[in-house]
$ cat entry-v4.cif   # mmCIF, C-alpha atoms
data_work
loop_
_atom_site.group_PDB
_atom_site.id
_atom_site.type_symbol
_atom_site.label_atom_id
_atom_site.label_comp_id
_atom_site.auth_asym_id
_atom_site.auth_seq_id
_atom_site.Cartn_x
_atom_site.Cartn_y
_atom_site.Cartn_z
ATOM 1 C CA MET A 701 16.878 113.053 -3.304
ATOM 2 C CA LYS A 702 13.452 111.596 -2.499
ATOM 3 C CA LEU A 703 13.622 109.490 -5.648
ATOM 4 C CA TRP A 704 16.894 108.008 -4.536
ATOM 5 C CA LYS A 705 15.461 107.067 -1.108
ATOM 6 C CA ARG A 706 12.462 105.323 -2.715
ATOM 7 C CA ALA A 707 14.767 103.243 -4.940
ATOM 8 C CA LEU A 708 16.837 102.191 -1.925
ATOM 9 C CA ALA A 709 13.723 101.086 0.019
ATOM 10 C CA LEU A 710 12.453 99.051 -2.931
ATOM 11 C CA ALA A 711 15.811 97.264 -3.241
ATOM 12 C CA LEU A 712 15.782 96.363 0.473
ATOM 13 C CA CYS A 713 12.259 94.883 0.193
ATOM 14 C CA LEU A 714 13.255 92.705 -2.758
ATOM 15 C CA LEU A 715 16.344 91.462 -0.875
ATOM 16 C CA LEU A 716 14.358 90.502 2.255
ATOM 17 C CA THR A 717 11.757 88.647 0.159
ATOM 18 C CA ALA A 718 14.452 86.572 -1.583
ATOM 19 C CA CYS A 719 16.035 85.583 1.766
ATOM 20 C CA ALA A 720 12.785 84.523 3.464
ATOM 21 C CA PRO A 721 12.493 80.695 4.043
ATOM 22 C CA ALA A 722 10.271 78.865 1.613
ATOM 23 C CA GLU A 723 7.222 77.007 2.998
ATOM 24 C CA SER A 724 7.810 73.219 3.236
ATOM 25 C CA ALA A 725 5.724 71.033 0.967
ATOM 26 C CA GLU A 726 4.427 67.594 2.070
ATOM 27 C CA ALA A 727 5.737 64.576 0.162
ATOM 28 C CA PRO A 728 3.186 63.296 -2.345
ATOM 29 C CA VAL A 729 1.345 60.096 -1.441
ATOM 30 C CA PRO A 730 1.902 57.285 -3.971
ATOM 31 C CA GLY A 731 -1.188 56.893 -6.099
ATOM 32 C CA GLY A 732 -2.298 60.403 -5.279
ATOM 33 C CA THR A 733 -4.464 59.497 -2.202
ATOM 34 C CA GLU A 734 -3.770 59.017 1.479
ATOM 35 C CA PRO A 735 -4.698 55.707 3.144
ATOM 36 C CA SER A 736 -7.804 55.810 5.279
ATOM 37 C CA ALA A 737 -8.047 54.286 8.770
ATOM 38 C CA ALA A 738 -10.132 51.459 7.312
ATOM 39 C CA ASP A 739 -7.206 50.441 5.081
ATOM 40 C CA LEU A 740 -4.879 49.862 8.063
ATOM 41 C CA PRO A 741 -4.919 46.743 10.311
ATOM 42 C CA SER A 742 -6.337 47.570 13.752
ATOM 43 C CA GLY A 743 -3.812 47.848 16.573
ATOM 44 C CA GLY A 744 -0.938 47.628 14.095
ATOM 45 C CA GLU A 745 -1.433 43.868 13.748
ATOM 46 C CA GLU A 746 -1.228 42.037 10.457
ATOM 47 C CA ALA A 747 -4.407 40.521 9.123
ATOM 48 C CA PRO A 748 -4.537 36.698 9.298
ATOM 49 C CA PRO A 749 -3.441 34.954 6.108
ATOM 50 C CA SER A 750 -6.105 33.871 3.661
ATOM 51 C CA LEU A 751 -6.254 31.468 0.746
ATOM 52 C CA ALA A 752 -5.934 32.563 -2.849
ATOM 53 C CA GLU A 753 -8.976 31.730 -4.962
ATOM 54 C CA ASP A 754 -7.290 28.795 -6.720
ATOM 55 C CA GLU A 755 -5.358 27.480 -3.696
ATOM 56 C CA GLU A 756 -6.221 24.171 -2.020
ATOM 57 C CA PRO A 757 -5.043 23.983 1.614
ATOM 58 C CA THR A 758 -3.440 20.983 3.256
ATOM 59 C CA VAL A 759 -5.631 19.777 6.138
ATOM 60 C CA LEU A 760 -4.137 17.810 9.033
ATOM 61 C CA THR A 761 -6.238 16.185 11.777
ATOM 62 C CA CYS A 762 -4.676 16.399 15.246
ATOM 63 C CA ARG A 763 -5.479 16.191 18.927
ATOM 64 C CA ILE A 764 -4.614 19.030 21.298
ATOM 65 C CA VAL A 765 -2.273 17.422 23.830
ATOM 66 C CA ASP A 766 -1.574 20.566 25.849
ATOM 67 C CA GLY A 767 -1.534 24.355 25.675
ATOM 68 C CA ALA A 768 -5.158 25.248 24.915
ATOM 69 C CA GLU A 769 -5.277 27.423 28.027
ATOM 70 C CA ASP A 770 -2.666 29.898 26.752
ATOM 71 C CA GLY A 771 -3.008 29.252 23.016
ATOM 72 C CA ASN A 772 0.442 27.687 22.590
ATOM 73 C CA LEU A 773 -0.909 24.409 21.220
ATOM 74 C CA LEU A 774 0.974 21.115 21.326
ATOM 75 C CA LEU A 775 -0.617 18.825 18.735
ATOM 76 C CA ALA A 776 -0.376 15.090 18.030
ATOM 77 C CA GLU A 777 -1.377 14.051 14.527
ATOM 78 C CA LEU A 778 -4.153 11.504 14.157
ATOM 79 C CA GLY A 779 -4.213 8.885 11.411
ATOM 80 C CA ASP A 780 -1.264 8.628 9.041
ATOM 81 C CA GLY A 781 -0.739 12.404 8.919
ATOM 82 C CA LEU A 782 2.494 13.737 7.459
ATOM 83 C CA TYR A 783 4.765 11.526 9.574
ATOM 84 C CA GLY A 784 2.926 8.235 9.494
ATOM 85 C CA GLY A 785 1.042 8.832 12.735
ATOM 86 C CA THR A 786 4.043 9.957 14.794
ATOM 87 C CA GLY A 787 4.004 13.712 14.096
ATOM 88 C CA VAL A 788 4.094 16.292 16.894
ATOM 89 C CA TYR A 789 3.529 20.000 16.214
ATOM 90 C CA ARG A 790 3.652 23.375 17.959
ATOM 91 C CA LEU A 791 1.195 26.079 16.887
ATOM 92 C CA ASN A 792 0.357 29.500 18.305
ATOM 93 C CA GLY A 793 -3.412 29.441 17.944
ATOM 94 C CA LYS A 794 -4.148 32.905 19.332
ATOM 95 C CA ASP A 795 -3.874 34.725 15.987
ATOM 96 C CA VAL A 796 -5.460 32.082 13.748
ATOM 97 C CA ALA A 797 -9.078 32.012 12.564
ATOM 98 C CA VAL A 798 -10.965 29.361 14.586
ATOM 99 C CA THR A 799 -14.247 27.540 14.084
ATOM 100 C CA LEU A 800 -15.990 25.219 16.525
ATOM 101 C CA ASP A 801 -18.376 22.664 15.034
ATOM 102 C CA GLY A 802 -18.514 24.750 11.859
ATOM 103 C CA GLU A 803 -19.228 28.127 13.496
ATOM 104 C CA ALA A 804 -16.767 31.004 13.952
ATOM 105 C CA ALA A 805 -15.373 30.902 17.487
ATOM 106 C CA GLU A 806 -12.816 32.447 19.797
ATOM 107 C CA PRO A 807 -9.488 30.564 20.202
ATOM 108 C CA SER A 808 -10.215 30.394 23.946
ATOM 109 C CA LEU A 809 -12.953 27.808 23.227
ATOM 110 C CA LEU A 810 -10.357 25.248 22.149
ATOM 111 C CA GLU A 811 -9.470 22.786 24.915
ATOM 112 C CA ASP A 812 -6.956 20.074 25.679
ATOM 113 C CA GLY A 813 -8.107 16.723 24.320
ATOM 114 C CA MET A 814 -10.107 18.266 21.467
ATOM 115 C CA VAL A 815 -9.840 16.984 17.899
ATOM 116 C CA VAL A 816 -8.944 19.784 15.467
ATOM 117 C CA GLU A 817 -8.244 20.147 11.761
ATOM 118 C CA VAL A 818 -5.416 22.528 10.845
ATOM 119 C CA SER A 819 -5.622 24.081 7.362
ATOM 120 C CA PHE A 820 -2.254 25.366 6.138
ATOM 121 C CA ASN A 821 -0.154 25.846 3.010
ATOM 122 C CA GLY A 822 1.496 22.410 3.216
ATOM 123 C CA SER A 823 4.866 23.727 4.376
ATOM 124 C CA VAL A 824 6.316 22.293 7.608
ATOM 125 C CA LEU A 825 9.502 23.255 9.426
ATOM 126 C CA GLU A 826 11.047 19.922 10.355
ATOM 127 C CA SER A 827 12.063 20.824 13.883
ATOM 128 C CA PHE A 828 10.781 18.875 16.871
ATOM 129 C CA PRO A 829 8.050 19.588 17.531
ATOM 130 C CA ALA A 830 7.429 20.456 13.880
ATOM 131 C CA GLN A 831 6.029 23.882 12.968
ATOM 132 C CA PHE A 832 3.491 24.707 10.279
ATOM 133 C CA GLY A 833 4.127 27.221 7.536
ATOM 134 C CA GLU A 834 1.243 29.598 6.834
ATOM 135 C CA VAL A 835 -1.855 28.545 8.810
ATOM 136 C CA TYR A 836 -5.290 29.581 7.524
ATOM 137 C CA GLN A 837 -7.695 28.052 10.032
ATOM 138 C CA ILE A 838 -8.136 25.754 13.010
ATOM 139 C CA ALA A 839 -11.415 23.843 12.967
ATOM 140 C CA GLY A 840 -12.288 22.385 16.376
ATOM 141 C CA TYR A 841 -14.852 19.715 17.203
ATOM 142 C CA SER A 842 -16.433 19.571 20.643
ATOM 143 C CA ILE A 843 -16.869 16.314 22.514
ATOM 144 C CA GLY A 844 -19.970 14.433 21.412
ATOM 145 C CA SER A 845 -19.619 15.517 17.783
ATOM 146 C CA GLU A 846 -19.071 13.013 14.984
ATOM 147 C CA LYS A 847 -15.337 13.712 14.771
ATOM 148 C CA ASN A 848 -14.895 13.742 18.559
ATOM 149 C CA PRO A 849 -17.303 11.130 19.957
ATOM 150 C CA ALA A 850 -18.291 10.936 23.617
ATOM 151 C CA GLY A 851 -17.633 7.956 25.877
ATOM 152 C CA THR A 852 -13.852 8.061 25.387
ATOM 153 C CA CYS A 853 -10.923 8.851 27.672
ATOM 154 C CA TYR A 854 -11.081 12.516 26.702
ATOM 155 C CA ASP A 855 -7.817 14.414 27.408
ATOM 156 C CA LEU A 856 -6.001 11.243 28.436
ATOM 157 C CA CYS A 857 -2.709 13.016 27.733
ATOM 158 C CA GLY A 858 -3.689 15.719 30.223
ATOM 159 C CA LEU A 859 -4.358 13.072 32.886
ATOM 160 C CA TYR A 860 -0.993 11.392 32.386
ATOM 161 C CA LEU A 861 0.869 14.711 32.365
ATOM 162 C CA GLN A 862 -0.740 15.502 35.736
ATOM 163 C CA VAL A 863 0.175 12.082 37.140
ATOM 164 C CA LEU A 864 3.794 12.378 35.969
ATOM 165 C CA ASP A 865 4.087 15.890 37.377
ATOM 166 C CA ASP A 866 2.673 14.761 40.737
ATOM 167 C CA LEU A 867 5.104 11.835 40.785
ATOM 168 C CA TRP A 868 8.012 14.174 40.006
ATOM 169 C CA GLU A 869 7.215 16.193 43.143
ATOM 170 C CA LYS A 870 7.268 13.119 45.407
ATOM 171 C CA ASP A 871 10.598 12.190 47.063
ATOM 172 C CA LYS A 872 12.334 14.768 44.870
ATOM 173 C CA GLY A 873 15.774 13.468 45.829
ATOM 174 C CA LEU A 874 15.234 10.649 43.324
ATOM 175 C CA ASN A 875 15.130 13.093 40.409
ATOM 176 C CA GLU A 876 17.301 15.866 41.846
ATOM 177 C CA ASN A 877 20.012 17.153 39.482
ATOM 178 C CA ILE A 878 19.209 14.640 36.744
ATOM 179 C CA SER A 879 19.865 15.525 33.095
ATOM 180 C CA LEU A 880 17.821 12.668 31.623
ATOM 181 C CA ALA A 881 14.376 11.249 32.299
ATOM 182 C CA GLY A 882 13.240 7.909 30.953
ATOM 183 C CA LEU A 883 9.579 7.518 30.087
ATOM 184 C CA ASP A 884 7.863 4.175 29.556
ATOM 185 C CA LEU A 885 4.314 4.491 28.209
ATOM 186 C CA SER A 886 4.492 1.301 26.164
ATOM 187 C CA ASN A 887 1.724 -0.383 28.200
ATOM 188 C CA ALA A 888 -0.081 2.661 29.553
ATOM 189 C CA PRO A 889 -3.834 1.941 29.492
ATOM 190 C CA GLY A 890 -6.137 3.970 27.277
ATOM 191 C CA GLU A 891 -4.668 3.252 23.838
ATOM 192 C CA LEU A 892 -2.425 6.276 23.408
ATOM 193 C CA THR A 893 -1.253 6.764 19.835
ATOM 194 C CA GLU A 894 2.454 6.921 18.988
ATOM 195 C CA SER A 895 2.158 10.649 18.320
ATOM 196 C CA GLU A 896 0.485 11.203 21.710
ATOM 197 C CA LYS A 897 3.251 9.264 23.469
ATOM 198 C CA ALA A 898 5.890 11.335 21.668
ATOM 199 C CA ALA A 899 4.103 14.584 22.532
ATOM 200 C CA LEU A 900 3.737 13.548 26.183
ATOM 201 C CA ALA A 901 7.443 12.732 26.414
ATOM 202 C CA TRP A 902 8.448 16.062 24.897
ATOM 203 C CA ARG A 903 6.107 18.100 27.090
ATOM 204 C CA PHE A 904 7.197 16.276 30.252
ATOM 205 C CA GLY A 905 10.811 17.113 29.459
ATOM 206 C CA GLU A 906 9.945 20.733 28.679
ATOM 207 C CA MET A 907 8.098 21.104 31.990
ATOM 208 C CA HIS A 908 11.085 19.932 34.021
ATOM 209 C CA GLY A 909 14.067 21.002 31.945
ATOM 210 C CA VAL A 910 15.382 17.542 31.137
ATOM 211 C CA GLU A 911 15.915 15.495 28.011
ATOM 212 C CA VAL A 912 13.464 12.583 27.820
ATOM 213 C CA VAL A 913 14.336 9.203 26.344
ATOM 214 C CA ARG A 914 11.544 6.716 25.730
ATOM 215 C CA GLY A 915 11.918 3.039 26.534
ATOM 216 C CA THR A 916 11.281 0.227 28.976
ATOM 217 C CA PHE A 917 13.647 -0.633 31.824
ATOM 218 C CA GLN A 918 15.170 -3.437 29.763
ATOM 219 C CA GLU A 919 15.540 -1.302 26.639
ATOM 220 C CA LEU A 920 17.253 1.507 28.553
ATOM 221 C CA LYS A 921 19.557 -1.010 30.216
ATOM 222 C CA GLU A 922 20.505 -2.522 26.856
ATOM 223 C CA GLN A 923 21.165 0.951 25.468
ATOM 224 C CA GLY A 924 23.686 1.639 28.233
ATOM 225 C CA TYR A 925 21.781 4.205 30.277
ATOM 226 C CA LEU A 926 21.732 2.041 33.419
ATOM 227 C CA THR A 927 24.742 0.826 35.382
ATOM 228 C CA SER A 928 24.817 -2.674 36.864
ATOM 229 C CA GLU A 929 27.291 -3.527 39.635
ATOM 230 C CA PRO A 930 27.590 -7.124 40.976
ATOM 231 C CA LEU A 931 26.911 -7.488 44.675
ATOM 232 C CA GLY A 932 29.627 -8.719 46.993
ATOM 233 C CA ASP A 933 30.244 -12.083 48.632
ATOM 234 C CA GLY A 934 27.200 -13.832 50.028
ATOM 235 C CA ALA A 935 24.790 -12.368 47.470
ATOM 236 C CA PRO A 936 22.875 -14.731 45.189
ATOM 237 C CA GLU A 937 24.612 -15.504 41.913
ATOM 238 C CA GLY A 938 23.891 -12.856 39.300
ATOM 239 C CA ALA A 939 22.531 -10.387 41.837
ATOM 240 C CA ALA A 940 23.489 -6.789 41.053
ATOM 241 C CA PHE A 941 22.864 -3.245 42.158
ATOM 242 C CA VAL A 942 21.359 -1.394 39.190
ATOM 243 C CA HIS A 943 21.117 2.391 39.098
ATOM 244 C CA TRP A 944 20.839 5.341 36.733
ATOM 245 C CA GLU A 945 23.578 7.790 37.569
ATOM 246 C CA ASP A 946 22.206 10.882 35.814
ATOM 247 C CA GLY A 947 18.615 9.909 35.145
ATOM 248 C CA CYS A 948 15.324 8.608 36.514
ATOM 249 C CA LEU A 949 12.806 6.302 34.839
ATOM 250 C CA PHE A 950 9.076 7.150 34.958
ATOM 251 C CA SER A 951 6.525 4.547 33.910
ATOM 252 C CA ILE A 952 2.737 4.171 33.752
ATOM 253 C CA THR A 953 1.417 0.623 33.600
ATOM 254 C CA PRO A 954 -1.987 -1.078 33.869
ATOM 255 C CA ASN A 955 -3.394 -2.151 37.218
ATOM 256 C CA GLU A 956 -5.017 -5.528 36.683
ATOM 257 C CA ASP A 957 -6.708 -5.808 40.112
ATOM 258 C CA HIS A 958 -10.062 -4.535 38.836
ATOM 259 C CA GLU A 959 -10.546 -6.777 35.827
ATOM 260 C CA GLY A 960 -14.058 -8.217 35.613
ATOM 261 C CA GLU A 961 -15.629 -5.535 37.793
ATOM 262 C CA SER A 962 -18.408 -3.369 36.359
ATOM 263 C CA TYR A 963 -18.503 0.428 36.508
ATOM 264 C CA SER A 964 -21.192 2.837 35.356
ATOM 265 C CA LEU A 965 -18.674 5.301 33.866
ATOM 266 C CA PRO A 966 -15.565 4.721 31.739
ATOM 267 C CA THR A 967 -12.791 4.191 34.302
ATOM 268 C CA LEU A 968 -9.052 3.721 33.868
ATOM 269 C CA PHE A 969 -6.875 1.820 36.376
ATOM 270 C CA PHE A 970 -3.108 2.227 36.443
ATOM 271 C CA ASN A 971 0.098 2.354 38.462
ATOM 272 C CA ALA A 972 2.764 5.073 38.148
ATOM 273 C CA VAL A 973 6.333 4.587 39.376
ATOM 274 C CA LYS A 974 9.619 6.477 39.234
ATOM 275 C CA TRP A 975 12.847 4.510 39.623
ATOM 276 C CA ARG A 976 16.427 5.634 40.200
ATOM 277 C CA SER A 977 18.044 2.475 41.520
ATOM 278 C CA SER A 978 17.439 -0.948 43.049
ATOM 279 C CA LEU A 979 17.083 0.850 46.387
ATOM 280 C CA GLY A 980 15.473 4.077 45.216
ATOM 281 C CA ALA A 981 11.925 4.221 43.833
ATOM 282 C CA TYR A 982 8.540 5.803 44.521
ATOM 283 C CA GLY A 983 5.163 4.655 43.255
ATOM 284 C CA PHE A 984 1.456 5.390 43.045
ATOM 285 C CA TYR A 985 -0.469 2.083 43.059
ATOM 286 C CA GLY A 986 -4.112 1.238 42.478
ATOM 287 C CA CYS A 987 -4.808 4.563 40.758
ATOM 288 C CA SER A 988 -8.130 5.228 39.033
ATOM 289 C CA ALA A 989 -9.693 7.991 36.945
ATOM 290 C CA ALA A 990 -13.306 8.165 35.771
ATOM 291 C CA TRP A 991 -14.850 10.012 32.817
ATOM 292 C CA PRO A 992 -18.424 11.314 32.618
ATOM 293 C CA GLU A 993 -20.520 10.184 29.674
ATOM 294 C CA SER A 994 -19.749 13.362 27.750
ATOM 295 C CA GLY A 995 -16.852 15.229 29.303
ATOM 296 C CA THR A 996 -13.371 14.914 30.704
ATOM 297 C CA TRP A 997 -11.709 13.632 33.875
ATOM 298 C CA ASN A 998 -11.398 16.168 36.689
ATOM 299 C CA SER A 999 -9.228 14.228 39.159
ATOM 300 C CA TYR A 1000 -7.730 10.836 39.845
ATOM 301 C CA GLN A 1001 -7.452 8.690 42.964
ATOM 302 C CA ILE A 1002 -4.364 6.950 44.359
ATOM 303 C CA GLY A 1003 -4.926 3.643 46.138
ATOM 304 C CA SER A 1004 -1.577 3.570 47.956
ATOM 305 C CA GLU A 1005 1.907 5.091 47.790
ATOM 306 C CA MET A 1006 5.115 3.116 48.271
ATOM 307 C CA ILE A 1007 8.762 4.113 48.652
ATOM 308 C CA SER A 1008 11.937 2.048 48.568
#
$ encode --input "entry-v4.cif" --output "structure tokens"
Amino acid sequence: MKLWKRALALALCLLLTACAPAESAEAPVPGGTEPSAADLPSGGEEAPPSLAEDEEPTVLTCRIVDGAEDGNLLLAELGDGLYGGTGVYRLNGKDVAVTLDGEAAEPSLLEDGMVVEVSFNGSVLESFPAQFGEVYQIAGYSIGSEKNPAGTCYDLCGLYLQVLDDLWEKDKGLNENISLAGLDLSNAPGELTESEKAALAWRFGEMHGVEVVRGTFQELKEQGYLTSEPLGDGAPEGAAFVHWEDGCLFSITPNEDHEGESYSLPTLFFNAVKWRSSLGAYGFYGCSAAWPESGTWNSYQIGSEMIS
């Protein structure tokens, strides 16, 4: 009887052991080792791209037109570039390796008006503005260096963007509810390049949510943007009321009143006008901006303001 009871107990133990859950095993790591913390990018971010040993980068020289403050750079190519001197590019510079005058630097040290060299893999997305493929480095050159000499109208694009924005805010009824803005920089003083003019036009439109078309008053009229209506009886022959129904023309032109005068610092003189019709315009006249010997403008002066 006792023997029978022992056999029954042994059978129960074997049954319970067979039904017990097996311990889970961890999946093997490929290669047989686990990655260490040093093998993983910090903060989950990807490491910046780097050149292969036998790879030669494409290097493009540009000027920062706008965006250095937040790293979203708007660039105008200098020289012939990829688009014959008319190229405009967008580049997020916050995650790209940066040097300043040959030394490693933080992206925050880049500034509007600075000359930079962008090293990339030669691939460009042909949008407007264009976008680079894989970017390896941005090399910046501070004012006074060989590639960015002093005594120039440093950040001229920044000055004109400020002037245009200030003009936009004056007598806002002239540009209220417009879908188009004309921009005439054809005679703007300071020798803007074609790429800088194109970048300025694009940025001005982006700032105010309008499409920008470049051209003089006469060119825009010939292209059909402006409407001309003959005046009634008693008006001089050929007289007409000209207006832009859904647009407003902004222009920056030289101010010749100061020719022959001498100034100790580089100084630019200009007028800035916005025009909606023969009876609707607003202008800044006798404007001036001065540059220090090695630096950038910090303000501009308006001689007089006129409205019609």
$ closest_residue --input "entry-v4.cif" --among "A:Asp871, A:Asp801, A:Asp933, A:Asp866" --to "Ser845 of chain A" --atoms "all atoms listed in the file"
A:Asp801
$ residues_around --input "entry-v4.cif" --residues "His908 of chain A" --least-positions-apart "4" --cutoff "10 Å" --atoms "only C-alpha atoms" --output "list in words"
Asp865, Trp868, Ser879, Ala881, Arg903, Phe904 and Val912 of chain A
$ residues_around --input "entry-v4.cif" --residues "Ala888 of chain A" --least-positions-apart "6" --cutoff "8 Å" --atoms "all atoms listed in the file" --output "list of chain:residue names"
A:Ile952, A:Thr953, A:Pro954, A:Phe970
$ axis_aligned_box --input "entry-v4.cif" --around "segment 770-785 of chain A" --padding-each-side "5 Å" --output "JSON"
{"center_x": 0.3, "center_y": 19.1, "center_z": 17.1, "size_x": 19.0, "size_y": 31.7, "size_z": 29.3}
$ resolve_selection --input "entry-v4.cif" --expression "the PyMOL selection byres ((chain A and resi 854) around 9)" --output "PyMOL selection string"
chain A and resi 812-814+843+850-853+855-858+991+994-997
$ atom_distance --input "entry-v4.cif" --atom1 "atom CA of Pro849 of chain A" --atom2 "atom CA of Asn971 of chain A"
26.9 Å
$ resolve_selection --input "entry-v4.cif" --expression "the PyMOL selection byres ((chain A and resi 826-837) around 8)" --output "PyMOL selection string"
chain A and resi 748-751+787-791+796-799+818-825+838-839
$ write_last_selection --input "entry-v4.cif" --atoms "C-alpha atoms" --output "compact mmCIF listing (two decimals), in the frame of the given file"
# COMPACT_ATOMS: atom_id res chain seq x y z
CA PRO A 748 -4.54 36.70 9.30
CA PRO A 749 -3.44 34.95 6.11
CA SER A 750 -6.10 33.87 3.66
CA LEU A 751 -6.25 31.47 0.75
CA GLY A 787 4.00 13.71 14.10
CA VAL A 788 4.09 16.29 16.89
CA TYR A 789 3.53 20.00 16.21
CA ARG A 790 3.65 23.38 17.96
CA LEU A 791 1.20 26.08 16.89
CA VAL A 796 -5.46 32.08 13.75
CA ALA A 797 -9.08 32.01 12.56
CA VAL A 798 -10.96 29.36 14.59
CA THR A 799 -14.25 27.54 14.08
CA VAL A 818 -5.42 22.53 10.84
CA SER A 819 -5.62 24.08 7.36
CA PHE A 820 -2.25 25.37 6.14
CA ASN A 821 -0.15 25.85 3.01
CA GLY A 822 1.50 22.41 3.22
CA SER A 823 4.87 23.73 4.38
CA VAL A 824 6.32 22.29 7.61
CA LEU A 825 9.50 23.26 9.43
CA ILE A 838 -8.14 25.75 13.01
CA ALA A 839 -11.42 23.84 12.97
$ residues_around --input "entry-v4.cif" --residues "Ala981 of chain A" --least-positions-apart "5" --cutoff "9 Å" --atoms "all atoms listed in the file" --output "PDB file with C-alpha atoms, keeping the file's coordinate frame"
ATOM      1  CA  ASP A 871      10.598  12.190  47.063  1.00  0.00           C
ATOM      2  CA  LEU A 874      15.234  10.649  43.324  1.00  0.00           C
ATOM      3  CA  VAL A 973       6.333   4.587  39.376  1.00  0.00           C
ATOM      4  CA  LYS A 974       9.619   6.477  39.234  1.00  0.00           C
ATOM      5  CA  TRP A 975      12.847   4.510  39.623  1.00  0.00           C
ATOM      6  CA  ARG A 976      16.427   5.634  40.200  1.00  0.00           C
ATOM      7  CA  MET A1006       5.115   3.116  48.271  1.00  0.00           C
ATOM      8  CA  ILE A1007       8.762   4.113  48.652  1.00  0.00           C
ATOM      9  CA  SER A1008      11.937   2.048  48.568  1.00  0.00           C
TER      10      SER A1008
END
$ closest_residue --input "entry-v4.cif" --among "A:Tyr982, A:Val863, A:Gly882, A:Ala899" --to "Ile764 of chain A" --atoms "all atoms listed in the file"
A:Ala899
$ resolve_selection --input "entry-v4.cif" --expression "the PyMOL selection byres ((chain A and resi 800) around 10)" --output "number ranges by chain"
A: 798-799, 801-807, 809-810, 816, 838-842
$ write_last_selection --input "entry-v4.cif" --atoms "C-alpha atoms" --output "PDB file, in the coordinates of the input"
ATOM      1  CA  VAL A 798     -10.965  29.361  14.586  1.00  0.00           C
ATOM      2  CA  THR A 799     -14.247  27.540  14.084  1.00  0.00           C
ATOM      3  CA  ASP A 801     -18.376  22.664  15.034  1.00  0.00           C
ATOM      4  CA  GLY A 802     -18.514  24.750  11.859  1.00  0.00           C
ATOM      5  CA  GLU A 803     -19.228  28.127  13.496  1.00  0.00           C
ATOM      6  CA  ALA A 804     -16.767  31.004  13.952  1.00  0.00           C
ATOM      7  CA  ALA A 805     -15.373  30.902  17.487  1.00  0.00           C
ATOM      8  CA  GLU A 806     -12.816  32.447  19.797  1.00  0.00           C
ATOM      9  CA  PRO A 807      -9.488  30.564  20.202  1.00  0.00           C
ATOM     10  CA  LEU A 809     -12.953  27.808  23.227  1.00  0.00           C
ATOM     11  CA  LEU A 810     -10.357  25.248  22.149  1.00  0.00           C
ATOM     12  CA  VAL A 816      -8.944  19.784  15.467  1.00  0.00           C
ATOM     13  CA  ILE A 838      -8.136  25.754  13.010  1.00  0.00           C
ATOM     14  CA  ALA A 839     -11.415  23.843  12.967  1.00  0.00           C
ATOM     15  CA  GLY A 840     -12.288  22.385  16.376  1.00  0.00           C
ATOM     16  CA  TYR A 841     -14.852  19.715  17.203  1.00  0.00           C
ATOM     17  CA  SER A 842     -16.433  19.571  20.643  1.00  0.00           C
TER      18      SER A 842
END
$ residues_around --input "entry-v4.cif" --residues "Glu896 of chain A" --least-positions-apart "4" --cutoff "8 Å" --atoms "all atoms listed in the file" --output "list in words"
Val765, Ala776, Glu777, Thr786, Val788, Cys857, Leu892 and Leu900 of chain A
$ closest_residue --input "entry-v4.cif" --among "A:Leu880, A:Leu965, A:Glu906, A:Gln918" --to "Trp944 of chain A" --atoms "all atoms listed in the file"
A:Leu880
$ atom_distance --input "entry-v4.cif" --atom1 "atom CA of Asp946 of chain A" --atom2 "atom CA of Asn877 of chain A"
7.6 Å
$ closest_residue --input "entry-v4.cif" --among "A:Gln862, A:Asn875, A:Thr967, A:Ser978" --to "Phe917 of chain A" --atoms "only C-alpha atoms"
A:Ser978
$ closest_residue --input "entry-v4.cif" --among "A:Glu769, A:Glu945, A:Ser808, A:Gly983" --to "Glu869 of chain A" --atoms "all atoms listed in the file"
A:Gly983
$ atom_distance --input "entry-v4.cif" --atom1 "atom CA of Thr916 of chain A" --atom2 "atom CA of Asp884 of chain A"
5.3 Å
$ residues_around --input "entry-v4.cif" --residues "Gly924 of chain A" --least-positions-apart "2" --cutoff "12 Å" --atoms "only C-alpha atoms" --output "list in words"
Gly915, Phe917, Gln918, Glu919, Leu920, Lys921, Glu922, Leu926, Thr927, Ser928, Val942, His943, Trp944, Glu945 and Gly947 of chain A
$ write_last_selection --input "entry-v4.cif" --atoms "C-alpha atoms" --output "compact mmCIF listing (two decimals), in the coordinates of the input"
# COMPACT_ATOMS: atom_id res chain seq x y z
CA GLY A 915 11.92 3.04 26.53
CA PHE A 917 13.65 -0.63 31.82
CA GLN A 918 15.17 -3.44 29.76
CA GLU A 919 15.54 -1.30 26.64
CA LEU A 920 17.25 1.51 28.55
CA LYS A 921 19.56 -1.01 30.22
CA GLU A 922 20.50 -2.52 26.86
CA LEU A 926 21.73 2.04 33.42
CA THR A 927 24.74 0.83 35.38
CA SER A 928 24.82 -2.67 36.86
CA VAL A 942 21.36 -1.39 39.19
CA HIS A 943 21.12 2.39 39.10
CA TRP A 944 20.84 5.34 36.73
CA GLU A 945 23.58 7.79 37.57
CA GLY A 947 18.61 9.91 35.15
$ closest_residue --input "entry-v4.cif" --among "A:Asn955, A:Met907, A:Gly781, A:Tyr963" --to "Ile1002 of chain A" --atoms "all atoms listed in the file"
A:Asn955
